[in-house]
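start_25.txt, holding compact mmCIF, C-alpha atoms:
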```
# COMPACT_ATOMS: atom_id res chain seq x y z
CA LYS A 1 114.49 86.96 70.54
CA VAL A 2 115.18 84.10 68.12
CA LEU A 3 115.64 81.71 71.05
CA ALA A 4 112.12 82.65 72.20
CA GLY A 5 110.58 81.78 68.82
CA PRO A 6 110.19 84.96 66.69
CA LEU A 7 111.87 85.26 63.30
CA ALA A 8 114.74 87.66 62.66
CA LEU A 9 114.81 89.28 59.22
CA LEU A 10 118.31 90.43 58.21
CA ILE A 11 118.73 92.79 55.25
CA ASP A 12 122.10 93.30 53.58
CA GLY A 13 123.50 96.75 54.27
CA ILE A 14 121.28 97.45 57.30
CA CYS A 15 122.82 97.13 60.76
CA GLU A 16 119.52 96.33 62.52
CA ALA A 17 117.33 93.24 62.37
CA ILE A 18 113.54 93.15 62.07
CA ILE A 19 111.90 90.83 64.60
CA ILE A 20 108.72 89.16 63.26
CA ASP A 21 106.56 87.42 65.84
CA ALA A 22 104.93 84.68 63.77
CA ARG A 23 104.65 82.17 66.58
CA GLU A 24 101.63 79.97 67.09
CA TYR A 25 100.88 79.83 70.79
CA PRO A 26 99.45 76.85 72.66
CA VAL A 27 96.25 78.45 73.87
CA ARG A 28 93.11 77.80 75.83
CA GLN A 29 89.98 79.32 74.34
CA PRO A 30 88.50 82.26 76.28
CA GLU A 31 85.79 81.04 78.64
CA GLU A 32 83.94 82.45 81.62
CA SER A 33 85.97 82.91 84.79
CA GLU A 34 85.16 80.45 87.59
CA LEU A 35 85.84 83.13 90.22
CA GLU A 36 83.87 86.01 88.67
CA LYS A 37 80.70 84.53 87.22
CA VAL A 38 77.75 86.74 86.31
CA THR A 39 74.14 85.88 85.52
CA ARG A 40 74.11 88.33 82.62
CA GLY A 41 77.09 89.65 80.69
CA SER A 42 80.04 88.55 78.60
CA ARG A 43 81.25 84.97 78.91
CA ASP A 44 84.81 85.46 77.62
CA GLY A 45 87.62 85.42 80.14
CA LEU A 46 91.35 85.98 80.13
CA VAL A 47 93.64 83.09 79.26
CA GLU A 48 97.30 82.19 79.81
CA THR A 49 98.52 83.78 76.56
CA ILE A 50 99.49 87.44 76.78
CA VAL A 51 98.69 88.37 73.16
CA PHE A 52 95.15 87.01 73.56
CA ASN A 53 94.64 88.99 76.76
CA THR A 54 95.79 92.27 75.22
CA ALA A 55 93.50 91.58 72.24
CA LEU A 56 90.49 90.94 74.51
CA ILE A 57 91.07 94.29 76.22
CA ARG A 58 91.78 96.11 72.94
CA ARG A 59 88.50 94.76 71.57
CA ARG A 60 86.71 96.74 74.30
CA ILE A 61 88.87 99.89 74.15
CA ARG A 62 89.51 100.92 70.56
CA ASP A 63 91.25 104.08 71.63
CA PRO A 64 94.53 104.91 69.89
CA LYS A 65 95.73 106.25 73.24
CA LEU A 66 95.62 102.77 74.80
CA ARG A 67 99.21 101.76 75.42
CA ASN A 68 100.51 98.21 75.89
CA GLU A 69 104.21 98.46 76.73
CA LEU A 70 106.06 95.14 76.58
CA MET A 71 108.83 94.31 79.03
CA GLN A 72 110.67 91.16 80.07
CA VAL A 73 111.28 90.04 83.65
CA GLY A 74 113.56 87.23 84.80
CA THR A 75 117.18 86.72 83.85
CA ARG A 76 116.43 83.09 82.94
CA SER A 77 112.71 82.92 82.18
CA LYS A 78 112.47 86.19 80.15
CA THR A 79 108.77 86.36 81.01
CA ASP A 80 106.77 88.83 78.92
CA VAL A 81 105.04 91.52 80.99
CA VAL A 82 102.76 94.21 79.56
CA VAL A 83 101.99 97.50 81.30
CA SER A 84 98.64 98.68 79.97
CA TYR A 85 97.17 102.16 80.43
CA ILE A 86 95.37 104.92 78.52
CA GLU A 87 97.91 107.64 77.83
CA ASP A 88 95.71 110.74 78.15
CA ILE A 89 93.89 109.43 81.26
CA ALA A 90 96.35 107.62 83.54
CA ASN A 91 98.57 109.58 85.91
CA PRO A 92 102.03 109.58 84.24
CA ASN A 93 103.76 109.53 87.64
CA LEU A 94 101.98 106.28 88.55
CA VAL A 95 102.75 104.79 85.14
CA ASN A 96 106.43 105.65 85.48
CA LEU A 97 106.49 104.27 89.04
CA VAL A 98 105.07 100.92 87.91
CA LYS A 99 107.49 100.66 84.97
CA LYS A 100 110.43 101.65 87.18
CA LYS A 101 109.60 98.97 89.73
CA ILE A 102 109.24 96.30 87.03
CA LYS A 103 112.54 97.26 85.39
CA SER A 104 114.34 97.10 88.76
CA ILE A 105 113.27 93.50 89.45
CA GLU A 106 116.21 91.12 89.79
CA THR A 107 115.12 87.49 89.78
CA ASP A 108 115.65 84.34 87.76
CA SER A 109 111.96 83.76 87.05
CA LEU A 110 108.40 84.81 87.90
CA VAL A 111 107.60 81.41 89.36
CA MET A 112 103.96 82.13 90.17
CA GLY A 113 103.25 84.62 87.43
CA GLU A 114 101.47 87.84 88.36
CA LYS A 115 101.45 86.98 92.08
CA THR A 116 105.25 86.84 92.18
CA LEU A 117 105.38 90.11 90.23
CA GLU A 118 102.97 91.72 92.71
CA GLU A 119 105.28 90.98 95.62
CA PHE A 120 108.15 92.69 93.81
CA ILE A 121 106.03 95.72 92.86
CA VAL A 122 103.98 96.29 96.02
CA GLY A 123 106.79 95.48 98.44
CA ARG A 124 107.85 92.96 101.04
CA SER A 125 105.12 93.10 103.66
CA TRP A 126 103.41 90.67 106.04
CA ASN A 127 100.22 92.73 105.87
CA PRO A 128 97.47 90.28 104.77
CA LEU A 129 95.35 92.99 103.12
CA PRO A 130 95.72 92.79 99.31
CA GLN A 131 97.11 95.93 97.72
CA ALA A 132 96.51 94.90 94.11
CA LYS A 133 93.30 93.66 92.53
CA PHE A 134 93.26 90.64 90.25
CA THR A 135 90.57 90.03 87.66
CA GLU A 136 90.03 87.33 85.05
CA ARG A 137 87.39 89.35 83.17
CA PRO A 138 88.49 91.59 80.26
CA ASP A 139 85.45 93.85 80.72
CA VAL A 140 86.46 94.53 84.34
CA ALA A 141 90.04 95.24 83.27
CA ALA A 142 88.79 97.62 80.56
CA ALA A 143 86.53 99.44 83.04
CA HIS A 144 89.46 100.02 85.40
CA LEU A 145 91.66 101.28 82.55
CA LEU A 146 88.96 103.80 81.60
CA GLU A 147 88.89 105.00 85.21
CA GLY A 148 92.63 105.70 85.08
CA HIS A 149 94.07 102.56 86.67
CA ILE A 150 97.11 100.69 85.36
CA ALA A 151 96.80 97.05 84.31
CA VAL A 152 99.79 94.69 84.45
CA ILE A 153 99.48 91.58 82.29
CA VAL A 154 101.88 88.65 82.73
CA ASP A 155 102.33 85.89 80.19
CA THR A 156 101.17 82.43 81.40
CA SER A 157 98.76 84.09 83.90
CA PRO A 158 94.99 84.11 83.23
CA SER A 159 94.41 87.29 85.24
CA VAL A 160 95.28 90.96 85.15
CA MET A 161 96.72 92.94 88.05
CA ILE A 162 95.05 96.32 88.65
CA LEU A 163 97.03 99.14 90.33
CA PRO A 164 96.55 101.14 92.50
CA VAL A 165 93.43 100.12 94.44
CA CYS A 166 91.62 100.86 97.70
CA MET A 167 89.71 98.68 100.14
CA PHE A 168 86.34 99.25 98.47
CA HIS A 169 87.56 97.93 95.13
CA PHE A 170 87.38 94.45 96.69
CA THR A 171 83.70 94.89 97.59
CA GLN A 172 82.42 95.44 94.05
CA HIS A 173 81.53 92.89 91.40
CA ALA A 174 80.64 92.98 87.71
CA GLU A 175 77.20 91.55 88.59
CA ASP A 176 76.27 94.95 90.10
CA TYR A 177 76.62 96.65 86.71
CA TYR A 178 74.83 93.98 84.70
CA GLN A 179 71.66 94.54 86.77
CA ASN A 180 69.27 97.45 87.25
CA PRO A 181 70.80 100.19 89.50
CA THR A 182 68.26 99.46 92.26
CA ILE A 183 68.99 95.72 92.14
CA GLY A 184 72.71 96.42 91.92
CA THR A 185 72.54 98.60 95.04
CA TYR A 186 70.64 95.88 96.91
CA LEU A 187 73.21 93.25 95.91
CA ARG A 188 76.02 95.54 96.98
CA TRP A 189 74.49 96.12 100.42
CA VAL A 190 73.89 92.40 100.92
CA ARG A 191 77.53 91.82 100.07
CA LEU A 192 78.76 94.51 102.48
CA VAL A 193 76.62 93.13 105.32
CA SER A 194 77.86 89.61 104.55
CA MET A 195 81.48 90.74 104.72
CA PHE A 196 80.89 92.56 108.02
CA LEU A 197 79.19 89.51 109.56
CA SER A 198 82.03 87.33 108.30
CA LEU A 199 84.44 89.44 110.35
CA VAL A 200 82.61 89.94 113.66
CA LEU A 201 79.74 87.43 114.01
CA PRO A 202 81.46 84.53 115.88
CA ALA A 203 83.28 86.88 118.29
CA LEU A 204 80.13 88.97 118.76
CA TRP A 205 78.12 85.87 119.69
CA LEU A 206 80.77 84.88 122.23
CA ILE A 207 80.44 88.33 123.81
CA ALA A 208 76.65 87.98 123.89
CA VAL A 209 76.94 84.61 125.65
CA GLU A 210 79.47 85.95 128.15
CA TYR A 211 77.28 88.94 129.10
CA ARG A 212 73.94 87.29 128.61
CA GLU A 213 72.49 88.77 131.81
CA SER A 214 73.03 92.28 130.47
CA LEU A 215 71.23 91.66 127.18
CA PRO A 216 67.80 93.20 126.55
CA PRO A 217 64.84 90.78 126.70
CA ALA A 218 64.59 90.65 122.90
CA LEU A 219 68.11 89.11 122.74
CA LYS A 220 67.80 86.66 125.63
CA PHE A 221 67.45 83.81 123.13
CA LEU A 222 71.17 84.09 122.34
CA GLY A 223 73.35 81.46 123.90
CA ALA A 224 74.07 77.76 123.71
CA LYS A 225 70.92 75.62 124.02
CA GLY A 226 72.76 72.33 124.45
CA GLU A 227 75.62 70.91 126.48
CA SER A 228 79.07 70.12 125.13
CA ALA A 229 82.35 68.82 126.49
CA ILE A 230 84.39 71.52 124.71
CA PRO A 231 84.33 75.26 125.60
CA LEU A 232 82.56 77.47 123.05
CA PHE A 233 85.77 79.37 122.27
CA ILE A 234 87.61 76.14 121.38
CA GLN A 235 84.62 74.96 119.33
CA PHE A 236 84.88 78.05 117.13
CA LEU A 237 88.63 77.56 116.63
CA VAL A 238 88.17 73.90 115.69
CA LEU A 239 85.38 74.79 113.25
CA GLU A 240 87.49 77.57 111.67
CA VAL A 241 90.32 75.12 111.06
CA GLY A 242 87.80 72.53 109.84
CA ILE A 243 86.40 74.92 107.21
CA ASP A 244 89.92 75.62 105.94
CA MET A 245 90.60 71.87 105.81
CA LEU A 246 87.45 71.39 103.72
CA ARG A 247 88.44 74.23 101.41
CA LEU A 248 91.91 72.81 100.86
CA ALA A 249 90.50 69.32 100.39
CA SER A 250 88.06 70.60 97.76
CA ILE A 251 90.94 72.18 95.83
CA HIS A 252 92.77 68.85 95.66
CA THR A 253 89.65 66.77 95.01
CA PRO A 254 88.59 65.87 91.45
CA ASN A 255 85.41 67.63 90.30
CA ALA A 256 83.48 64.35 90.22
CA LEU A 257 84.05 63.90 93.98
CA THR A 258 83.50 67.45 95.28
CA THR A 259 79.80 66.83 95.96
CA SER A 260 80.65 63.75 98.01
CA LEU A 261 83.25 65.76 99.93
CA GLY A 262 80.66 68.43 100.74
CA ILE A 263 78.20 65.83 102.01
CA ILE A 264 80.84 64.19 104.21
CA GLY A 265 82.19 67.46 105.59
CA ALA A 266 79.08 69.57 106.02
CA LEU A 267 76.44 66.97 106.87
CA LEU A 268 77.97 63.82 108.31
CA LEU A 269 80.82 65.33 110.34
CA GLY A 270 78.77 68.29 111.57
CA GLU A 271 75.78 66.17 112.59
CA LEU A 272 77.89 63.53 114.29
CA ALA A 273 79.94 66.16 116.16
CA VAL A 274 76.71 67.58 117.63
CA LYS A 275 75.34 64.13 118.53
CA VAL A 276 78.46 63.02 120.38
CA GLY A 277 78.57 66.30 122.32
CA TRP A 278 81.61 67.94 120.79
CA PHE A 279 79.75 70.99 119.47
CA VAL A 280 76.50 72.79 120.11
CA PRO A 281 74.36 73.62 117.03
CA GLU A 282 74.75 77.39 117.55
CA THR A 283 78.51 77.39 116.97
CA ILE A 284 78.08 75.50 113.70
CA LEU A 285 75.33 77.93 112.65
CA TYR A 286 77.36 81.09 113.24
CA ILE A 287 80.53 79.70 111.68
CA ALA A 288 78.43 78.66 108.65
CA ILE A 289 77.06 82.22 108.33
CA ALA A 290 80.58 83.65 108.63
CA GLY A 291 81.79 81.16 105.99
CA ILE A 292 79.01 82.18 103.61
CA GLY A 293 80.04 85.81 104.14
CA SER A 294 83.58 84.89 103.10
CA PHE A 295 82.32 83.22 99.93
CA ALA A 296 80.16 86.30 99.17
CA THR A 297 83.31 88.45 99.07
CA PRO A 298 84.21 89.10 95.38
CA SER A 299 87.98 88.99 95.94
CA ILE A 300 89.36 85.73 97.30
CA GLU A 301 92.49 87.58 98.51
CA PHE A 302 90.39 90.03 100.55
CA ALA A 303 88.17 87.19 101.83
CA LEU A 304 91.22 85.30 103.17
CA ALA A 305 92.49 88.48 104.85
CA ILE A 306 89.09 88.97 106.53
CA ARG A 307 89.16 85.34 107.64
CA LEU A 308 92.57 85.84 109.27
CA PHE A 309 91.39 88.96 111.11
CA ARG A 310 88.26 87.04 112.20
CA LEU A 311 90.48 84.36 113.70
CA ILE A 312 92.58 86.97 115.55
CA LEU A 313 89.41 88.68 116.83
CA LEU A 314 88.03 85.32 117.96
CA ILE A 315 91.20 84.37 119.85
CA LEU A 316 91.41 87.74 121.63
CA THR A 317 87.71 87.59 122.53
CA GLY A 318 88.03 84.06 123.89
CA MET A 319 91.02 85.00 126.04
CA LEU A 320 90.10 88.52 127.23
CA LYS A 321 86.30 88.59 126.77
CA GLY A 322 84.94 92.10 126.06
CA TYR A 323 88.33 93.78 126.31
CA GLY A 324 89.72 91.31 123.80
CA PHE A 325 86.90 92.06 121.37
CA LEU A 326 87.58 95.79 121.55
CA LEU A 327 91.32 95.20 121.27
CA GLY A 328 90.81 93.03 118.18
CA LEU A 329 88.61 95.65 116.52
CA LEU A 330 91.16 98.34 117.34
CA PHE A 331 93.94 96.20 115.84
CA PHE A 332 91.93 95.72 112.62
CA ILE A 333 91.14 99.46 112.37
CA ILE A 334 94.80 100.41 112.88
CA ILE A 335 95.99 97.98 110.22
CA ILE A 336 93.40 99.03 107.66
CA THR A 337 93.87 102.79 108.25
CA THR A 338 97.66 102.68 108.10
CA THR A 339 97.84 100.55 104.97
CA LYS A 340 98.70 102.40 101.77
CA SER A 341 98.47 101.23 98.20
CA MET A 342 100.95 101.97 95.44
CA GLY A 343 101.83 105.64 95.08
CA GLY A 344 100.93 106.40 98.70
CA VAL A 345 97.19 106.02 98.09
CA ARG A 346 95.18 105.65 101.32
CA TYR A 347 93.63 102.19 101.56
CA THR A 348 90.46 103.55 103.17
CA TRP A 349 89.64 106.13 100.47
CA PRO A 350 86.97 107.59 100.14
CA LEU A 351 86.09 106.95 103.81
CA ILE A 352 89.42 108.31 105.05
CA PRO A 353 90.02 110.96 103.74
CA PHE A 354 86.26 111.48 103.57
CA ASP A 355 84.75 112.11 100.15
CA TRP A 356 80.98 111.74 100.25
CA LYS A 357 80.50 112.04 96.50
CA ALA A 358 82.88 109.15 95.83
CA LEU A 359 81.60 107.15 98.83
CA SER A 360 78.01 107.44 97.62
CA THR A 361 79.09 105.93 94.29
CA ILE A 362 80.44 102.94 96.21
CA LEU A 363 77.48 102.53 98.55
CA PHE A 364 74.92 102.98 95.78
CA ARG A 365 75.17 101.54 92.28
CA LYS A 366 74.29 104.73 90.46
CA PRO A 367 73.16 104.75 86.82
CA VAL A 368 76.22 104.91 84.59
CA PRO A 369 75.29 108.28 82.95
CA GLU A 370 75.29 109.90 86.41
CA VAL A 371 78.91 108.91 87.17
CA LYS A 372 80.77 111.79 85.57
CA MET A 373 84.08 112.01 87.40
CA ARG A 374 86.96 109.57 87.67
CA PRO A 375 88.30 108.64 91.15
CA ASP A 376 90.20 111.56 92.68
CA PHE A 377 92.89 109.43 94.32
CA LEU A 378 94.20 108.38 90.88
CA ARG A 379 94.99 112.03 89.96
CA THR A 380 94.14 111.35 86.33
CA ILE A 381 94.90 113.74 83.49
CA ASP A 382 91.34 113.63 82.16
CA LYS A 383 89.14 113.87 85.25
CA ASP A 384 85.79 113.88 83.45
CA ASP A 385 84.48 110.42 82.52
```
Show how you would write the structure in this file as structure tokens.
Amino acid sequence: KVLAGPLALLIDGICEAIIIDAREYPVRQPEESELEKVTRGSRDGLVETIVFNTALIRRRIRDPKLRNELMQVGTRSKTDVVVSYIEDIANPNLVNLVKKKIKSIETDSLVMGEKTLEEFIVGRSWNPLPQAKFTERPDVAAAHLLEGHIAVIVDTSPSVMILPVCMFHFTQHAEDYYQNPTIGTYLRWVRLVSMFLSLVLPALWLIAVEYRESLPPALKFLGAKGESAIPLFIQFLVLEVGIDMLRLASIHTPNALTTSLGIIGALLLGELAVKVGWFVPETILYIAIAGIGSFATPSIEFALAIRLFRLILLILTGMLKGYGFLLGLLFFIIIITTTKSMGGVRYTWPLIPFDWKALSTILFRKPVPEVKMRPDFLRTIDKDD
């Protein structure tokens, strides 16, 4: 403990020492998260210092039953990790499972903070679907704790890991609850439609072009209006890779140059590619809509998983036409229905197993006083909110 900075108070005649944490931490002041902005609501966000993060959450939950249990992970780094939960709400079996998994970790260091810890807790899997939710907002973390979730806070990480979660946790955003319930419901539906289009739109358009003769008269306008030297299927693949190249380039580009990068990538390259005959305008349009759907997804981890499934669906559709499209959809459904979160929780709850009362709360942003019960899949001690 002394090597980490705290003071050790030794008293003559007593065989134990008192550890006094009087350290002054190098800190960044709480500021709004870049990933979870809201038009109305709190502007404080989590930072890289664990004591600040626990204080930001404690400020919102002044319940003596709120527990922040400190552990250390890493034989060399001795990284501080806090397991946070509300004692008379959270399922004790889930709490013990999380603590057991953290205590069993054998590694030198948590190199990438909470993301490294997640891979030790959730398990070694190549499944791209995220099984833990990350948030940089203390109000979102507090809301999940009050529902009965468990929050894992890692020192040096400006986000909190929420466990366990289902698929629909990645479709909700704090903006929904800072607006009128009707407006919040509208925003939620726009988001759900955007995510669905992000997954299927390019492949669906390829199918429409392939079977254009079978389309009803109202949809005859679908199809490429111009000529190009590259097949439509290859155009979509090149554009998908191009969007990822732009995204990676924007990450490594200084803020002062990001606008210039957007102009070069979106306007100049796209326009020139159409003029020289590489692409037709329709492929750029549908990839742009799919890209906007990805950016409308609240969780960047879930958005990247959807993008990967979109690419698989696109490849299968380009190779096998209609059969490939159905095969890709079947592959996505199998993966998403067989995935389980921590504690054996079904990833598709409350759709599978079906729970209309819980599903209606997800589909519609109900007024807060009407939401009386906590999520059933958490098996909380106190079920009434």
I'd like the neighbourhood of segment 176-192 of chain A as a list in words, where a residue qualifies if any of its atoms comes within 7 Å (using all atoms listed in the file), though same-chain residues fewer than 6 positions away should be ignored.
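Listed by chain and then number, they are Arg40, Gly41, Ala296, Thr297, Phe364, Arg365, Lys366 and Pro367 of chain A.
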So, with all atoms listed in the file as the atoms that count, which of A:Lys340, A:Arg137, A:Lys220, A:Arg247 lies closest to Arg43 of chain A?
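That would be A:Arg137, the residue with the smallest distance to Arg43 of chain A.
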Please provide as an MDAnalysis selection string all residues within 12 Å of Thr348 of chain A, with the sequence filter that same-chain residues fewer than 5 positions apart are discarded (counting all atoms listed in the file).
chainID A and resid 129 131 165:170 333:341 353:355 358:359 377
Compare A:Pro158, A:Gly324, A:Gly13, A:Pro128 by their minimum atom-to-atom distance to Thr49 of chain A, counting all atoms listed in the file, and give me the closest one.
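Of all the options, A:Pro158 lies closest to Thr49 of chain A.
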With all atoms listed in the file counted and 8 Å as the cut-off, give the residues of segment 143-230 of chain A in contact with segment 285-291 of chain A, each with its shortest interatomic distance in Å and the pair that gives it, as a Markdown table.
```
| residue | atom | partner | partner_atom | distance |
| --- | --- | --- | --- | --- |
| A:Ser194 | CA | A:Ala290 | CA | 7.7 |
| A:Leu197 | CA | A:Ala290 | CA | 6.1 |
| A:Ser198 | CA | A:Ala290 | CA | 4.0 |
| A:Leu199 | CA | A:Ala290 | CA | 7.2 |
| A:Leu201 | CA | A:Ala290 | CA | 6.6 |
| A:Pro202 | CA | A:Tyr286 | CA | 6.0 |
```
Using C-alpha atoms, can you export the residues from the last selection as a tab-separated table (two decimals), in the coordinates of the input?
```tsv
chain	number	residue	atom	x	y	z
A	194	SER	CA	77.86	89.61	104.55
A	197	LEU	CA	79.19	89.51	109.56
A	198	SER	CA	82.03	87.33	108.30
A	199	LEU	CA	84.44	89.44	110.35
A	201	LEU	CA	79.74	87.43	114.01
A	202	PRO	CA	81.46	84.53	115.88
```
Counting only C-alpha atoms, what is within 8 Å of Glu69 of chain A, bar same-chain residues fewer than 6 positions away, as a PyMOL selection string?
chain A and resi 82-84
Rounded to one decimal place, report the atom CA of Lys103 of chain A-atom CA of Val152 of chain A distance in Å.
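Going from atom CA of Lys103 of chain A over to atom CA of Val152 of chain A, I get 13.0 Å.
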Between atom CA of Tyr323 of chain A and atom CA of Ile243 of chain A, distance in Å (one decimal)
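We find that atom CA of Tyr323 of chain A and atom CA of Ile243 of chain A lie 26.9 Å from each other.
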Grab the atom CA of Glu118 of chain A to atom CA of Leu248 of chain A distance for me, in Å with one decimal place.
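Atom CA of Glu118 of chain A sits 23.4 Å away from atom CA of Leu248 of chain A.
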Residue with smallest distance to Ser104 of chain A - pool A:Leu46, A:Leu363, A:Ala142, A:Val73, counting all atoms listed in the file:
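Residue with the minimum atom-to-atom distance to Ser104 of chain A: A:Val73.
Taking all atoms listed in the file into account, Arg374 of chain A lies nearest to A:His144 out of the set A:Ile61, A:His144, A:Ala22, A:Thr79.
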Of the listed residues A:Ser157, A:Val140, A:Val47, A:Leu94, that which approaches Thr116 of chain A most closely, counting all atoms listed in the file
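Result for the nearest residue to Thr116 of chain A: A:Ser157.
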For Pro64 of chain A, which of A:Phe236, A:Trp278, A:Phe331, A:Tyr85 is the closest residue, counting only C-alpha atoms?
A:Tyr85
Can you take the partial segment 345-352 of chain A, add all heavy atoms, and return it as a short mmCIF file (atom, residue, chain, number, x, y, z; two decimals), in the frame of the given file?
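Result saved to part23.cif:
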```cif
data_model
loop_
_atom_site.label_atom_id
_atom_site.label_comp_id
_atom_site.auth_asym_id
_atom_site.auth_seq_id
_atom_site.Cartn_x
_atom_site.Cartn_y
_atom_site.Cartn_z
N VAL A 345 98.64 105.88 98.05
CA VAL A 345 97.19 106.02 98.09
C VAL A 345 96.66 105.42 99.39
O VAL A 345 97.03 104.30 99.77
CB VAL A 345 96.54 105.32 96.87
CG1 VAL A 345 95.03 105.33 96.98
CG2 VAL A 345 97.00 106.00 95.59
N ARG A 346 95.78 106.15 100.09
CA ARG A 346 95.18 105.65 101.32
C ARG A 346 94.25 104.49 101.02
O ARG A 346 93.39 104.57 100.14
CB ARG A 346 94.41 106.76 102.03
CG ARG A 346 95.27 107.89 102.54
CD ARG A 346 96.21 107.44 103.64
NE ARG A 346 95.50 107.07 104.86
CZ ARG A 346 95.21 107.91 105.84
NH1 ARG A 346 95.58 109.19 105.76
NH2 ARG A 346 94.58 107.49 106.91
N TYR A 347 94.40 103.40 101.79
CA TYR A 347 93.63 102.19 101.56
C TYR A 347 92.15 102.38 101.86
O TYR A 347 91.30 101.67 101.33
CB TYR A 347 94.20 101.07 102.44
CG TYR A 347 93.88 99.67 101.99
CD1 TYR A 347 94.41 99.16 100.80
CD2 TYR A 347 93.08 98.83 102.76
CE1 TYR A 347 94.14 97.88 100.39
CE2 TYR A 347 92.81 97.54 102.36
CZ TYR A 347 93.34 97.06 101.16
OH TYR A 347 93.06 95.78 100.76
N THR A 348 91.84 103.34 102.73
CA THR A 348 90.46 103.55 103.17
C THR A 348 89.73 104.60 102.34
O THR A 348 88.60 104.95 102.68
CB THR A 348 90.44 103.96 104.64
OG1 THR A 348 91.34 105.06 104.84
CG2 THR A 348 90.84 102.81 105.53
N TRP A 349 90.34 105.15 101.30
CA TRP A 349 89.64 106.13 100.47
C TRP A 349 88.40 105.49 99.86
O TRP A 349 88.45 104.33 99.45
CB TRP A 349 90.57 106.62 99.34
CG TRP A 349 89.96 107.69 98.49
CD1 TRP A 349 90.06 109.04 98.67
CD2 TRP A 349 89.15 107.51 97.33
NE1 TRP A 349 89.36 109.70 97.69
CE2 TRP A 349 88.79 108.78 96.85
CE3 TRP A 349 88.67 106.39 96.63
CZ2 TRP A 349 88.00 108.97 95.73
CZ3 TRP A 349 87.87 106.57 95.52
CH2 TRP A 349 87.55 107.84 95.08
N PRO A 350 87.25 106.18 99.79
CA PRO A 350 86.97 107.59 100.14
C PRO A 350 86.39 107.77 101.54
O PRO A 350 85.78 108.81 101.82
CB PRO A 350 85.95 107.96 99.08
CG PRO A 350 85.17 106.71 98.88
CD PRO A 350 86.14 105.57 99.04
N LEU A 351 86.56 106.79 102.43
CA LEU A 351 86.09 106.95 103.81
C LEU A 351 87.06 107.81 104.60
O LEU A 351 86.67 108.72 105.32
CB LEU A 351 85.93 105.57 104.45
CG LEU A 351 85.23 105.51 105.80
CD1 LEU A 351 83.79 106.02 105.67
CD2 LEU A 351 85.24 104.09 106.36
N ILE A 352 88.34 107.51 104.47
CA ILE A 352 89.42 108.31 105.05
C ILE A 352 90.48 108.50 103.98
O ILE A 352 91.11 107.50 103.58
CB ILE A 352 90.04 107.63 106.29
CG1 ILE A 352 88.96 107.34 107.35
CG2 ILE A 352 91.14 108.50 106.87
CD1 ILE A 352 89.49 106.53 108.51
#
```
